[in-house]
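K.L.:
One file is attached below, my_file26.pdb, containing PDB, C-alpha atoms and all ligand atoms.
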ATOM      1  CA  MET A   1       0.000   0.000   0.000  1.00  0.00           C
ATOM      2  CA  PRO A   2       1.292   3.498  -0.780  1.00  0.00           C
ATOM      3  CA  THR A   3       2.302   5.843   2.039  1.00  0.00           C
ATOM      4  CA  ILE A   4       0.736   9.271   2.570  1.00  0.00           C
ATOM      5  CA  ALA A   5       3.927  10.805   1.182  1.00  0.00           C
ATOM      6  CA  GLU A   6       3.536   8.754  -1.998  1.00  0.00           C
ATOM      7  CA  ASN A   7      -0.145   9.622  -2.216  1.00  0.00           C
ATOM      8  CA  ILE A   8       0.661  13.332  -1.976  1.00  0.00           C
ATOM      9  CA  ALA A   9       3.374  13.067  -4.617  1.00  0.00           C
ATOM     10  CA  ALA A  10       0.909  11.315  -6.934  1.00  0.00           C
ATOM     11  CA  VAL A  11      -1.800  13.938  -6.347  1.00  0.00           C
ATOM     12  CA  ARG A  12       0.689  16.753  -6.998  1.00  0.00           C
ATOM     13  CA  ALA A  13       1.767  15.102 -10.249  1.00  0.00           C
ATOM     14  CA  ARG A  14      -1.856  14.744 -11.360  1.00  0.00           C
ATOM     15  CA  ILE A  15      -2.543  18.426 -10.523  1.00  0.00           C
ATOM     16  CA  GLU A  16       0.511  19.392 -12.575  1.00  0.00           C
ATOM     17  CA  THR A  17      -0.616  17.319 -15.570  1.00  0.00           C
ATOM     18  CA  ALA A  18      -4.203  18.557 -15.463  1.00  0.00           C
ATOM     19  CA  ALA A  19      -3.069  22.179 -15.165  1.00  0.00           C
ATOM     20  CA  GLY A  20      -0.678  21.660 -18.081  1.00  0.00           C
ATOM     21  CA  ARG A  21      -3.470  20.247 -20.260  1.00  0.00           C
ATOM     22  CA  ALA A  22      -5.443  23.452 -19.638  1.00  0.00           C
ATOM     23  CA  GLY A  23      -2.445  25.734 -20.238  1.00  0.00           C
ATOM     24  CA  ARG A  24      -2.473  26.700 -16.565  1.00  0.00           C
ATOM     25  CA  SER A  25       0.239  26.689 -13.921  1.00  0.00           C
ATOM     26  CA  ALA A  26      -0.058  24.177 -11.076  1.00  0.00           C
ATOM     27  CA  ALA A  27       1.001  27.026  -8.784  1.00  0.00           C
ATOM     28  CA  ASP A  28      -2.433  28.560  -9.388  1.00  0.00           C
ATOM     29  CA  VAL A  29      -4.200  25.505  -7.952  1.00  0.00           C
ATOM     30  CA  GLN A  30      -4.140  25.296  -4.184  1.00  0.00           C
ATOM     31  CA  LEU A  31      -4.302  21.795  -2.690  1.00  0.00           C
ATOM     32  CA  ILE A  32      -6.631  21.669   0.326  1.00  0.00           C
ATOM     33  CA  ALA A  33      -6.031  18.391   2.168  1.00  0.00           C
ATOM     34  CA  VAL A  34      -9.362  17.235   3.579  1.00  0.00           C
ATOM     35  CA  SER A  35      -8.423  15.734   6.930  1.00  0.00           C
ATOM     36  CA  LYS A  36     -11.929  15.050   8.263  1.00  0.00           C
ATOM     37  CA  THR A  37     -12.156  11.708  10.121  1.00  0.00           C
ATOM     38  CA  HIS A  38      -8.329  11.453  10.238  1.00  0.00           C
ATOM     39  CA  PRO A  39      -6.472  11.888  13.540  1.00  0.00           C
ATOM     40  CA  PRO A  40      -3.719  14.475  14.211  1.00  0.00           C
ATOM     41  CA  GLU A  41      -0.856  11.980  13.801  1.00  0.00           C
ATOM     42  CA  VAL A  42      -2.008  11.242  10.253  1.00  0.00           C
ATOM     43  CA  VAL A  43      -2.358  14.959   9.487  1.00  0.00           C
ATOM     44  CA  ARG A  44       1.233  15.423  10.736  1.00  0.00           C
ATOM     45  CA  GLU A  45       2.461  13.054   8.003  1.00  0.00           C
ATOM     46  CA  ALA A  46       0.901  15.374   5.427  1.00  0.00           C
ATOM     47  CA  VAL A  47       2.417  18.435   7.131  1.00  0.00           C
ATOM     48  CA  ALA A  48       5.814  16.731   6.841  1.00  0.00           C
ATOM     49  CA  GLU A  49       5.297  16.639   3.057  1.00  0.00           C
ATOM     50  CA  GLY A  50       4.779  20.388   2.998  1.00  0.00           C
ATOM     51  CA  LEU A  51       0.975  20.616   3.029  1.00  0.00           C
ATOM     52  CA  THR A  52      -0.256  23.628   4.992  1.00  0.00           C
ATOM     53  CA  VAL A  53      -3.972  24.031   4.221  1.00  0.00           C
ATOM     54  CA  PHE A  54      -6.462  21.534   5.625  1.00  0.00           C
ATOM     55  CA  GLY A  55     -10.227  21.115   5.309  1.00  0.00           C
ATOM     56  CA  GLU A  56     -12.597  19.978   8.035  1.00  0.00           C
ATOM     57  CA  SER A  57     -16.354  19.540   7.865  1.00  0.00           C
ATOM     58  CA  ARG A  58     -17.427  19.207  11.521  1.00  0.00           C
ATOM     59  CA  ILE A  59     -16.890  21.789  14.270  1.00  0.00           C
ATOM     60  CA  GLN A  60     -16.800  19.221  17.053  1.00  0.00           C
ATOM     61  CA  GLU A  61     -14.023  17.244  15.397  1.00  0.00           C
ATOM     62  CA  ALA A  62     -12.063  20.372  14.425  1.00  0.00           C
ATOM     63  CA  LYS A  63     -12.189  21.699  17.973  1.00  0.00           C
ATOM     64  CA  ALA A  64     -10.392  18.610  19.232  1.00  0.00           C
ATOM     65  CA  LYS A  65      -7.949  18.294  16.334  1.00  0.00           C
ATOM     66  CA  ILE A  66      -6.745  21.791  15.438  1.00  0.00           C
ATOM     67  CA  PRO A  67      -5.105  22.573  18.830  1.00  0.00           C
ATOM     68  CA  GLU A  68      -3.081  19.335  18.497  1.00  0.00           C
ATOM     69  CA  LEU A  69      -1.402  20.562  15.314  1.00  0.00           C
ATOM     70  CA  PRO A  70       1.164  23.263  14.465  1.00  0.00           C
ATOM     71  CA  GLY A  71      -0.174  26.817  14.640  1.00  0.00           C
ATOM     72  CA  LYS A  72       1.214  27.720  11.201  1.00  0.00           C
ATOM     73  CA  LEU A  73      -1.391  25.572   9.416  1.00  0.00           C
ATOM     74  CA  LYS A  74      -4.439  27.104   7.751  1.00  0.00           C
ATOM     75  CA  TRP A  75      -7.849  25.536   8.294  1.00  0.00           C
ATOM     76  CA  HIS A  76     -10.804  25.796   5.936  1.00  0.00           C
ATOM     77  CA  PHE A  77     -14.305  24.816   6.990  1.00  0.00           C
ATOM     78  CA  ILE A  78     -16.001  22.918   4.146  1.00  0.00           C
ATOM     79  CA  GLY A  79     -19.099  21.297   5.712  1.00  0.00           C
ATOM     80  CA  HIS A  80     -22.610  22.529   6.346  1.00  0.00           C
ATOM     81  CA  LEU A  81     -22.394  25.097   9.150  1.00  0.00           C
ATOM     82  CA  GLN A  82     -25.296  25.704  11.521  1.00  0.00           C
ATOM     83  CA  THR A  83     -25.666  29.341  12.592  1.00  0.00           C
ATOM     84  CA  ASN A  84     -25.298  28.352  16.251  1.00  0.00           C
ATOM     85  CA  LYS A  85     -21.764  27.116  15.447  1.00  0.00           C
ATOM     86  CA  ALA A  86     -20.704  30.316  13.681  1.00  0.00           C
ATOM     87  CA  ARG A  87     -18.794  31.667  16.674  1.00  0.00           C
ATOM     88  CA  GLU A  88     -16.701  28.527  17.005  1.00  0.00           C
ATOM     89  CA  ALA A  89     -16.052  28.469  13.266  1.00  0.00           C
ATOM     90  CA  VAL A  90     -14.691  32.037  13.472  1.00  0.00           C
ATOM     91  CA  GLU A  91     -12.432  31.002  16.357  1.00  0.00           C
ATOM     92  CA  LEU A  92     -11.039  27.942  14.586  1.00  0.00           C
ATOM     93  CA  PHE A  93     -10.940  28.631  10.855  1.00  0.00           C
ATOM     94  CA  HIS A  94      -9.134  30.944   8.447  1.00  0.00           C
ATOM     95  CA  MET A  95     -11.779  30.474   5.783  1.00  0.00           C
ATOM     96  CA  VAL A  96     -15.357  29.191   5.622  1.00  0.00           C
ATOM     97  CA  GLN A  97     -15.860  27.768   2.123  1.00  0.00           C
ATOM     98  CA  SER A  98     -19.433  26.694   2.707  1.00  0.00           C
ATOM     99  CA  VAL A  99     -21.458  29.875   3.264  1.00  0.00           C
ATOM    100  CA  ASP A 100     -24.814  28.737   1.908  1.00  0.00           C
ATOM    101  CA  SER A 101     -27.341  31.298   3.178  1.00  0.00           C
ATOM    102  CA  VAL A 102     -27.639  35.008   3.870  1.00  0.00           C
ATOM    103  CA  ARG A 103     -28.584  34.183   7.457  1.00  0.00           C
ATOM    104  CA  LEU A 104     -25.329  32.274   8.018  1.00  0.00           C
ATOM    105  CA  ALA A 105     -23.317  35.063   6.364  1.00  0.00           C
ATOM    106  CA  ARG A 106     -24.875  37.674   8.677  1.00  0.00           C
ATOM    107  CA  GLU A 107     -24.103  35.543  11.711  1.00  0.00           C
ATOM    108  CA  LEU A 108     -20.476  34.964  10.662  1.00  0.00           C
ATOM    109  CA  ASP A 109     -20.091  38.694  10.032  1.00  0.00           C
ATOM    110  CA  GLN A 110     -21.332  39.486  13.543  1.00  0.00           C
ATOM    111  CA  CYS A 111     -19.085  36.880  15.165  1.00  0.00           C
ATOM    112  CA  ALA A 112     -16.070  38.115  13.209  1.00  0.00           C
ATOM    113  CA  GLY A 113     -16.866  41.643  14.356  1.00  0.00           C
ATOM    114  CA  ARG A 114     -16.960  40.559  17.990  1.00  0.00           C
ATOM    115  CA  ALA A 115     -13.626  38.796  17.480  1.00  0.00           C
ATOM    116  CA  SER A 116     -12.199  41.964  15.844  1.00  0.00           C
ATOM    117  CA  ARG A 117     -11.197  40.126  12.701  1.00  0.00           C
ATOM    118  CA  THR A 118     -12.230  39.631   9.118  1.00  0.00           C
ATOM    119  CA  LEU A 119     -13.155  36.207   7.810  1.00  0.00           C
ATOM    120  CA  ALA A 120     -12.407  34.950   4.313  1.00  0.00           C
ATOM    121  CA  VAL A 121     -15.382  33.118   2.828  1.00  0.00           C
ATOM    122  CA  LEU A 122     -16.554  31.377  -0.311  1.00  0.00           C
ATOM    123  CA  LEU A 123     -20.202  31.164  -1.323  1.00  0.00           C
ATOM    124  CA  GLU A 124     -21.297  27.563  -1.773  1.00  0.00           C
ATOM    125  CA  CYS A 125     -23.433  27.260  -4.881  1.00  0.00           C
ATOM    126  CA  ASN A 126     -25.628  24.435  -6.040  1.00  0.00           C
ATOM    127  CA  VAL A 127     -25.240  24.562  -9.795  1.00  0.00           C
ATOM    128  CA  SER A 128     -26.145  20.926 -10.443  1.00  0.00           C
ATOM    129  CA  GLY A 129     -29.724  21.296  -9.214  1.00  0.00           C
ATOM    130  CA  GLU A 130     -29.414  18.213  -7.002  1.00  0.00           C
ATOM    131  CA  SER A 131     -31.972  18.716  -4.250  1.00  0.00           C
ATOM    132  CA  THR A 132     -29.841  16.910  -1.643  1.00  0.00           C
ATOM    133  CA  LYS A 133     -27.066  19.504  -1.837  1.00  0.00           C
ATOM    134  CA  PHE A 134     -26.646  22.655   0.234  1.00  0.00           C
ATOM    135  CA  GLY A 135     -25.799  25.917  -1.430  1.00  0.00           C
ATOM    136  CA  PHE A 136     -27.253  28.978  -3.139  1.00  0.00           C
ATOM    137  CA  LYS A 137     -29.045  28.413  -6.404  1.00  0.00           C
ATOM    138  CA  PRO A 138     -27.631  30.606  -9.188  1.00  0.00           C
ATOM    139  CA  ASP A 139     -30.530  33.093  -9.128  1.00  0.00           C
ATOM    140  CA  GLU A 140     -30.396  33.272  -5.315  1.00  0.00           C
ATOM    141  CA  VAL A 141     -26.707  34.157  -5.198  1.00  0.00           C
ATOM    142  CA  MET A 142     -27.205  36.684  -7.985  1.00  0.00           C
ATOM    143  CA  ALA A 143     -29.928  38.363  -5.912  1.00  0.00           C
ATOM    144  CA  ALA A 144     -28.040  38.176  -2.599  1.00  0.00           C
ATOM    145  CA  LEU A 145     -24.523  39.189  -3.608  1.00  0.00           C
ATOM    146  CA  ALA A 146     -24.933  42.927  -3.042  1.00  0.00           C
ATOM    147  CA  GLU A 147     -26.126  42.372   0.527  1.00  0.00           C
ATOM    148  CA  LEU A 148     -23.480  39.704   1.196  1.00  0.00           C
ATOM    149  CA  ASN A 149     -20.789  42.029  -0.079  1.00  0.00           C
ATOM    150  CA  SER A 150     -21.969  44.771   2.280  1.00  0.00           C
ATOM    151  CA  LEU A 151     -21.103  42.633   5.332  1.00  0.00           C
ATOM    152  CA  ARG A 152     -17.947  44.433   6.359  1.00  0.00           C
ATOM    153  CA  ARG A 153     -16.239  41.617   8.275  1.00  0.00           C
ATOM    154  CA  LEU A 154     -16.596  39.059   5.475  1.00  0.00           C
ATOM    155  CA  GLU A 155     -14.151  38.957   2.615  1.00  0.00           C
ATOM    156  CA  ILE A 156     -15.913  37.114  -0.195  1.00  0.00           C
ATOM    157  CA  GLN A 157     -13.147  35.563  -2.281  1.00  0.00           C
ATOM    158  CA  GLY A 158     -15.150  33.378  -4.652  1.00  0.00           C
ATOM    159  CA  LEU A 159     -17.411  30.356  -5.059  1.00  0.00           C
ATOM    160  CA  MET A 160     -17.380  26.718  -3.992  1.00  0.00           C
ATOM    161  CA  THR A 161     -19.337  23.740  -5.286  1.00  0.00           C
ATOM    162  CA  MET A 162     -19.619  19.993  -4.902  1.00  0.00           C
ATOM    163  CA  ALA A 163     -20.454  18.013  -8.010  1.00  0.00           C
ATOM    164  CA  PRO A 164     -22.691  14.950  -7.698  1.00  0.00           C
ATOM    165  CA  PHE A 165     -20.784  11.653  -7.762  1.00  0.00           C
ATOM    166  CA  PHE A 166     -20.410  10.326 -11.288  1.00  0.00           C
ATOM    167  CA  GLU A 167     -18.847   7.014 -12.314  1.00  0.00           C
ATOM    168  CA  ASP A 168     -17.125   8.916 -15.122  1.00  0.00           C
ATOM    169  CA  PRO A 169     -15.559  12.159 -13.782  1.00  0.00           C
ATOM    170  CA  GLN A 170     -15.959  13.740 -17.219  1.00  0.00           C
ATOM    171  CA  ASP A 171     -19.681  13.901 -16.423  1.00  0.00           C
ATOM    172  CA  ALA A 172     -18.884  16.394 -13.616  1.00  0.00           C
ATOM    173  CA  ARG A 173     -17.302  18.820 -16.064  1.00  0.00           C
ATOM    174  CA  PRO A 174     -20.529  20.699 -16.950  1.00  0.00           C
ATOM    175  CA  VAL A 175     -21.064  21.357 -13.227  1.00  0.00           C
ATOM    176  CA  PHE A 176     -17.597  22.912 -12.898  1.00  0.00           C
ATOM    177  CA  ARG A 177     -18.081  24.916 -16.080  1.00  0.00           C
ATOM    178  CA  ALA A 178     -21.423  26.168 -14.740  1.00  0.00           C
ATOM    179  CA  LEU A 179     -19.742  27.394 -11.542  1.00  0.00           C
ATOM    180  CA  ARG A 180     -17.084  29.259 -13.511  1.00  0.00           C
ATOM    181  CA  GLU A 181     -19.705  30.848 -15.769  1.00  0.00           C
ATOM    182  CA  LEU A 182     -21.815  31.813 -12.749  1.00  0.00           C
ATOM    183  CA  ARG A 183     -18.728  33.441 -11.233  1.00  0.00           C
ATOM    184  CA  ASP A 184     -18.111  35.354 -14.471  1.00  0.00           C
ATOM    185  CA  ARG A 185     -21.712  36.643 -14.531  1.00  0.00           C
ATOM    186  CA  LEU A 186     -21.579  37.673 -10.862  1.00  0.00           C
ATOM    187  CA  GLN A 187     -18.360  39.582 -11.444  1.00  0.00           C
ATOM    188  CA  GLN A 188     -19.778  41.327 -14.479  1.00  0.00           C
ATOM    189  CA  GLN A 189     -23.134  42.270 -12.989  1.00  0.00           C
ATOM    190  CA  HIS A 190     -21.879  43.304  -9.552  1.00  0.00           C
ATOM    191  CA  GLY A 191     -18.361  44.497 -10.316  1.00  0.00           C
ATOM    192  CA  ILE A 192     -17.048  42.423  -7.405  1.00  0.00           C
ATOM    193  CA  PRO A 193     -13.881  40.353  -7.932  1.00  0.00           C
ATOM    194  CA  LEU A 194     -14.408  36.643  -7.147  1.00  0.00           C
ATOM    195  CA  PRO A 195     -11.043  35.049  -7.994  1.00  0.00           C
ATOM    196  CA  GLU A 196     -11.368  31.752  -6.145  1.00  0.00           C
ATOM    197  CA  LEU A 197     -13.169  28.672  -7.487  1.00  0.00           C
ATOM    198  CA  SER A 198     -13.087  25.770  -5.008  1.00  0.00           C
ATOM    199  CA  MET A 199     -14.181  22.721  -6.969  1.00  0.00           C
ATOM    200  CA  GLY A 200     -12.960  19.156  -7.454  1.00  0.00           C
ATOM    201  CA  MET A 201     -12.465  16.259  -5.033  1.00  0.00           C
ATOM    202  CA  THR A 202     -10.679  12.911  -5.297  1.00  0.00           C
ATOM    203  CA  ASN A 203     -12.961  11.570  -7.984  1.00  0.00           C
ATOM    204  CA  ASP A 204     -13.126  14.601 -10.249  1.00  0.00           C
ATOM    205  CA  PHE A 205     -10.367  17.128  -9.490  1.00  0.00           C
ATOM    206  CA  GLU A 206      -8.639  16.892 -12.850  1.00  0.00           C
ATOM    207  CA  ALA A 207     -11.788  17.901 -14.728  1.00  0.00           C
ATOM    208  CA  ALA A 208     -12.270  20.715 -12.195  1.00  0.00           C
ATOM    209  CA  ILE A 209      -8.734  22.029 -12.794  1.00  0.00           C
ATOM    210  CA  GLU A 210      -9.292  21.950 -16.542  1.00  0.00           C
ATOM    211  CA  GLU A 211     -12.423  24.067 -15.955  1.00  0.00           C
ATOM    212  CA  GLY A 212     -10.602  26.647 -13.835  1.00  0.00           C
ATOM    213  CA  ALA A 213     -10.480  25.428 -10.207  1.00  0.00           C
ATOM    214  CA  THR A 214      -8.140  27.509  -8.038  1.00  0.00           C
ATOM    215  CA  MET A 215      -8.641  25.210  -5.017  1.00  0.00           C
ATOM    216  CA  VAL A 216      -9.164  21.442  -5.015  1.00  0.00           C
ATOM    217  CA  ARG A 217     -10.372  19.682  -1.854  1.00  0.00           C
ATOM    218  CA  ILE A 218      -8.836  16.232  -1.667  1.00  0.00           C
ATOM    219  CA  GLY A 219      -9.291  13.709   1.101  1.00  0.00           C
ATOM    220  CA  THR A 220      -9.369  10.088  -0.039  1.00  0.00           C
ATOM    221  CA  ALA A 221      -6.523  10.280  -2.563  1.00  0.00           C
ATOM    222  CA  ILE A 222      -4.221  11.555   0.203  1.00  0.00           C
ATOM    223  CA  PHE A 223      -5.420   9.823   3.356  1.00  0.00           C
ATOM    224  CA  ARG A 224      -6.887   6.578   2.061  1.00  0.00           C
ATOM    225  CA  PRO A 225      -6.023   3.682   4.344  1.00  0.00           C
ATOM    226  CA  THR A 226      -2.368   2.846   3.902  1.00  0.00           C
ATOM    227  CA  SER A 227      -2.297  -0.613   5.460  1.00  0.00           C
TER     228      SER A 227
HETATM  229  C1  LIG R 301     -15.082  15.052   2.209  1.00  0.00           C
HETATM  230  C2  LIG R 301     -15.127  16.254   1.324  1.00  0.00           C
HETATM  231  C3  LIG R 301     -14.153  16.444   0.325  1.00  0.00           C
HETATM  232  C4  LIG R 301     -13.061  15.424   0.010  1.00  0.00           C
HETATM  233  O1  LIG R 301     -13.620  14.324  -0.644  1.00  0.00           O
HETATM  234  P1  LIG R 301     -12.703  13.130  -1.209  1.00  0.00           P
HETATM  235  O2  LIG R 301     -13.578  12.470  -2.201  1.00  0.00           O
HETATM  236  O3  LIG R 301     -12.369  12.249  -0.043  1.00  0.00           O
HETATM  237  O4  LIG R 301     -11.507  13.738  -1.823  1.00  0.00           O
HETATM  238  C5  LIG R 301     -14.208  17.616  -0.403  1.00  0.00           C
HETATM  239  N1  LIG R 301     -15.152  18.551  -0.185  1.00  0.00           N
HETATM  240  C6  LIG R 301     -16.103  18.401   0.749  1.00  0.00           C
HETATM  241  C7  LIG R 301     -17.118  19.467   0.929  1.00  0.00           C
HETATM  242  C8  LIG R 301     -16.120  17.246   1.535  1.00  0.00           C
HETATM  243  O5  LIG R 301     -17.082  17.105   2.450  1.00  0.00           O
END
Could you rewrite the structure in this file as structure tokens?
P.N.:
Amino acid sequence: MPTIAENIAAVRARIETAAGRAGRSAADVQLIAVSKTHPPEVVREAVAEGLTVFGESRIQEAKAKIPELPGKLKWHFIGHLQTNKAREAVELFHMVQSVDSVRLARELDQCAGRASRTLAVLLECNVSGESTKFGFKPDEVMAALAELNSLRRLEIQGLMTMAPFFEDPQDARPVFRALRELRDRLQQQHGIPLPELSMGMTNDFEAAIEEGATMVRIGTAIFRPTS
């Protein structure tokens, strides 16, 4: 079985190749290592390979794990966040990628204000139309962006999406393209820069990179059981 170091090297090589196919630089694609369900000692193996940005999807788990790890790491929240956990998210995370309602955005803004900080966020969008997914629908985010952008403690850096699982990752490509096109329309109509596109996971990250992902969120391909 491959080690975590070998897994990371393989993922980096695949990012490089996918970026090259799209005429992009791999340096423009940030690797977010999704460490949910994996204990601190496993995360440390990834840190030893130079990874610095990690994704978690549950506050309870993050609260126990993050203090066990080096303070120089950056943590991104990527799961569904309940408004009553907003304060803890602001305490623990550098970025919340999964802002999926105006109500949650307002709450995060207030908590960031009380903590005298700004919080980087992405707006999670549901561009596939799957009813089981969280996220703004395209017309909702179009209507809400002006208000979201007026929240002074939030720094909206871009959009995030999760594609449905497809046997063939090429089938996820239209979802990624739709997120990029939505981003382009939002930028045009609101004049607000939204440089970041967080899209692509273990099963589909190469297609996402070819469609413009600036962040890929990868768990299984890095941390899959090694024995
Ligand atoms: C778990 C998770 C990932 C990573 O998924 P893998 O298929 O293990 O790479 C990415 N994004 C979100 C939102 C997740 O919950």
K.L.:
To test your reading of the syntax: which residues would the PyMOL selection byres (((not hetatm)) within 7 of (chain R and resi 301)) return for the file shown? Reply as a list of chain:residue names.
P.N.:
A:Val34, A:Lys36, A:Ser57, A:Ile78, A:Gly79, A:Met162, A:Met201, A:Thr202, A:Asn203, A:Arg217, A:Ile218, A:Gly219, A:Thr220, A:Ala221
K.L.:
In Å, rounded to a single decimal, give me how far atom CA of Glu45 of chain A is from atom CA of His80 of chain A.
P.N.:
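Pair atom CA of His80 of chain A / atom CA of Glu45 of chain A returns 26.9 Å.
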K.L.:
Could you give me, as a list in words, the residues that have an atom at most 10 Å away from the point (-13.2, 32.5, -4.5) in the coordinates of the file, using all atoms listed in the file?
P.N.:
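The residues near that point, listed by chain and number, are Gln97, Ala120, Val121, Leu122, Leu123, Glu124, Glu155, Ile156, Gln157, Gly158, Leu159, Met160, Arg183, Pro193, Leu194, Pro195, Glu196, Leu197, Ser198, Ala213, Thr214 and Met215 of chain A.
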K.L.:
Would you work out the distance separating atom CA of Val42 of chain A from atom CA of Ile4 of chain A, expressed in Å to one decimal?
P.N.:
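So the answer is 8.4 Å.
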K.L.:
Quick one, how far is atom CA of Gly71 of chain A from atom CA of Pro39 of chain A?
P.N.:
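Between atom CA of Gly71 of chain A and atom CA of Pro39 of chain A the gap works out to 16.2 Å.
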K.L.:
Excluding Leu108 of chain A and residues on its chain fewer than 3 positions from it, collect all residues at most 9 Å away from it, counting all atoms listed in the file, and give them as a list in words.
P.N.:
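What passes the distance filter is Thr83, Ala86, Arg87, Ala89, Val90, Arg103, Leu104, Ala105, Cys111, Ala112, Gly113, Leu119, Arg153 and Leu154 of chain A.
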K.L.:
Considering only C-alpha atoms, state which residue in the set A:Asn126, A:Gln187, A:Ser131, A:Gln30 is at the smallest distance from Val175 of chain A.
P.N.:
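With only C-alpha atoms as the atom set, the closest residue is A:Asn126.
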K.L.:
Name the residues that the PyMOL selection byres (((chain A and resi 190) around 10) and not hetatm) picks from the file above, as an mmCIF file with C-alpha atoms, keeping the file's coordinate frame, using the file's chain letters and numbers.
P.N.:
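Below you can see part_7.cif, which holds the result:
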data_model
loop_
_atom_site.group_PDB
_atom_site.id
_atom_site.type_symbol
_atom_site.label_atom_id
_atom_site.label_comp_id
_atom_site.auth_asym_id
_atom_site.auth_seq_id
_atom_site.Cartn_x
_atom_site.Cartn_y
_atom_site.Cartn_z
ATOM 1 C CA MET A 142 -27.205 36.684 -7.985
ATOM 2 C CA LEU A 145 -24.523 39.189 -3.608
ATOM 3 C CA ALA A 146 -24.933 42.927 -3.042
ATOM 4 C CA ASN A 149 -20.789 42.029 -0.079
ATOM 5 C CA ARG A 185 -21.712 36.643 -14.531
ATOM 6 C CA LEU A 186 -21.579 37.673 -10.862
ATOM 7 C CA GLN A 187 -18.360 39.582 -11.444
ATOM 8 C CA GLN A 188 -19.778 41.327 -14.479
ATOM 9 C CA GLN A 189 -23.134 42.270 -12.989
ATOM 10 C CA GLY A 191 -18.361 44.497 -10.316
ATOM 11 C CA ILE A 192 -17.048 42.423 -7.405
ATOM 12 C CA PRO A 193 -13.881 40.353 -7.932
#
K.L.:
Do you know which residues are at most 12 Å from Ser128 of chain A counting all atoms listed in the file, after dropping those on the same chain fewer than 5 positions away, and could you put them as a PDB file with C-alpha atoms, in the frame of the given file?
P.N.:
ATOM      1  CA  LYS A 133     -27.066  19.504  -1.837  1.00  0.00           C
ATOM      2  CA  PHE A 134     -26.646  22.655   0.234  1.00  0.00           C
ATOM      3  CA  GLY A 135     -25.799  25.917  -1.430  1.00  0.00           C
ATOM      4  CA  PHE A 136     -27.253  28.978  -3.139  1.00  0.00           C
ATOM      5  CA  LYS A 137     -29.045  28.413  -6.404  1.00  0.00           C
ATOM      6  CA  PRO A 138     -27.631  30.606  -9.188  1.00  0.00           C
ATOM      7  CA  THR A 161     -19.337  23.740  -5.286  1.00  0.00           C
ATOM      8  CA  MET A 162     -19.619  19.993  -4.902  1.00  0.00           C
ATOM      9  CA  ALA A 163     -20.454  18.013  -8.010  1.00  0.00           C
ATOM     10  CA  PRO A 164     -22.691  14.950  -7.698  1.00  0.00           C
ATOM     11  CA  PHE A 165     -20.784  11.653  -7.762  1.00  0.00           C
ATOM     12  CA  ASP A 171     -19.681  13.901 -16.423  1.00  0.00           C
ATOM     13  CA  ALA A 172     -18.884  16.394 -13.616  1.00  0.00           C
ATOM     14  CA  ARG A 173     -17.302  18.820 -16.064  1.00  0.00           C
ATOM     15  CA  PRO A 174     -20.529  20.699 -16.950  1.00  0.00           C
ATOM     16  CA  VAL A 175     -21.064  21.357 -13.227  1.00  0.00           C
ATOM     17  CA  PHE A 176     -17.597  22.912 -12.898  1.00  0.00           C
ATOM     18  CA  ARG A 177     -18.081  24.916 -16.080  1.00  0.00           C
ATOM     19  CA  ALA A 178     -21.423  26.168 -14.740  1.00  0.00           C
ATOM     20  CA  LEU A 179     -19.742  27.394 -11.542  1.00  0.00           C
ATOM     21  CA  LEU A 182     -21.815  31.813 -12.749  1.00  0.00           C
TER      22      LEU A 182
END
K.L.:
Rank nothing, just name the residue among A:Val216, A:Leu69, A:Glu210, A:Lys85 nearest to Thr17 of chain A, using all atoms listed in the file.
P.N.:
A:Glu210
K.L.:
Can you report as JSON the centre and edge lengths in Å, to one decimal, of an axis-aligned box around the listed atoms of segment 116-133 of chain A padded with 6 Å on each side?
P.N.:
{"center_x": -21.6, "center_y": 29.4, "center_z": 2.7, "size_x": 32.8, "size_y": 37.1, "size_z": 38.3}
K.L.:
Go through the shown structure with the PyMOL selection byres (((chain A and resi 58) around 12) and not hetatm) and write out the matching residues as a PyMOL selection string.
P.N.:
chain A and resi 34-37+55-57+59-66+75-82+85-86+88-89+92-93+96+98
K.L.:
Skip Gly50 of chain A itself and residues of its chain fewer than 2 positions away, then list as a PDB file with C-alpha atoms, in the frame of the given file all residues within 12 Å of it, counting only C-alpha atoms.
P.N.:
ATOM      1  CA  ILE A   4       0.736   9.271   2.570  1.00  0.00           C
ATOM      2  CA  ALA A   5       3.927  10.805   1.182  1.00  0.00           C
ATOM      3  CA  ILE A   8       0.661  13.332  -1.976  1.00  0.00           C
ATOM      4  CA  ALA A   9       3.374  13.067  -4.617  1.00  0.00           C
ATOM      5  CA  ARG A  12       0.689  16.753  -6.998  1.00  0.00           C
ATOM      6  CA  LEU A  31      -4.302  21.795  -2.690  1.00  0.00           C
ATOM      7  CA  ILE A  32      -6.631  21.669   0.326  1.00  0.00           C
ATOM      8  CA  ALA A  33      -6.031  18.391   2.168  1.00  0.00           C
ATOM      9  CA  VAL A  43      -2.358  14.959   9.487  1.00  0.00           C
ATOM     10  CA  ARG A  44       1.233  15.423  10.736  1.00  0.00           C
ATOM     11  CA  GLU A  45       2.461  13.054   8.003  1.00  0.00           C
ATOM     12  CA  ALA A  46       0.901  15.374   5.427  1.00  0.00           C
ATOM     13  CA  VAL A  47       2.417  18.435   7.131  1.00  0.00           C
ATOM     14  CA  ALA A  48       5.814  16.731   6.841  1.00  0.00           C
ATOM     15  CA  THR A  52      -0.256  23.628   4.992  1.00  0.00           C
ATOM     16  CA  VAL A  53      -3.972  24.031   4.221  1.00  0.00           C
ATOM     17  CA  PHE A  54      -6.462  21.534   5.625  1.00  0.00           C
ATOM     18  CA  LYS A  72       1.214  27.720  11.201  1.00  0.00           C
ATOM     19  CA  LEU A  73      -1.391  25.572   9.416  1.00  0.00           C
TER      20      LEU A  73
END
K.L.:
Counting all atoms listed in the file, figure out which residue out of A:Pro40, A:Pro67, A:Ser25, A:Ala144 gets nearest to Ser101 of chain A.
P.N.:
A:Ala144
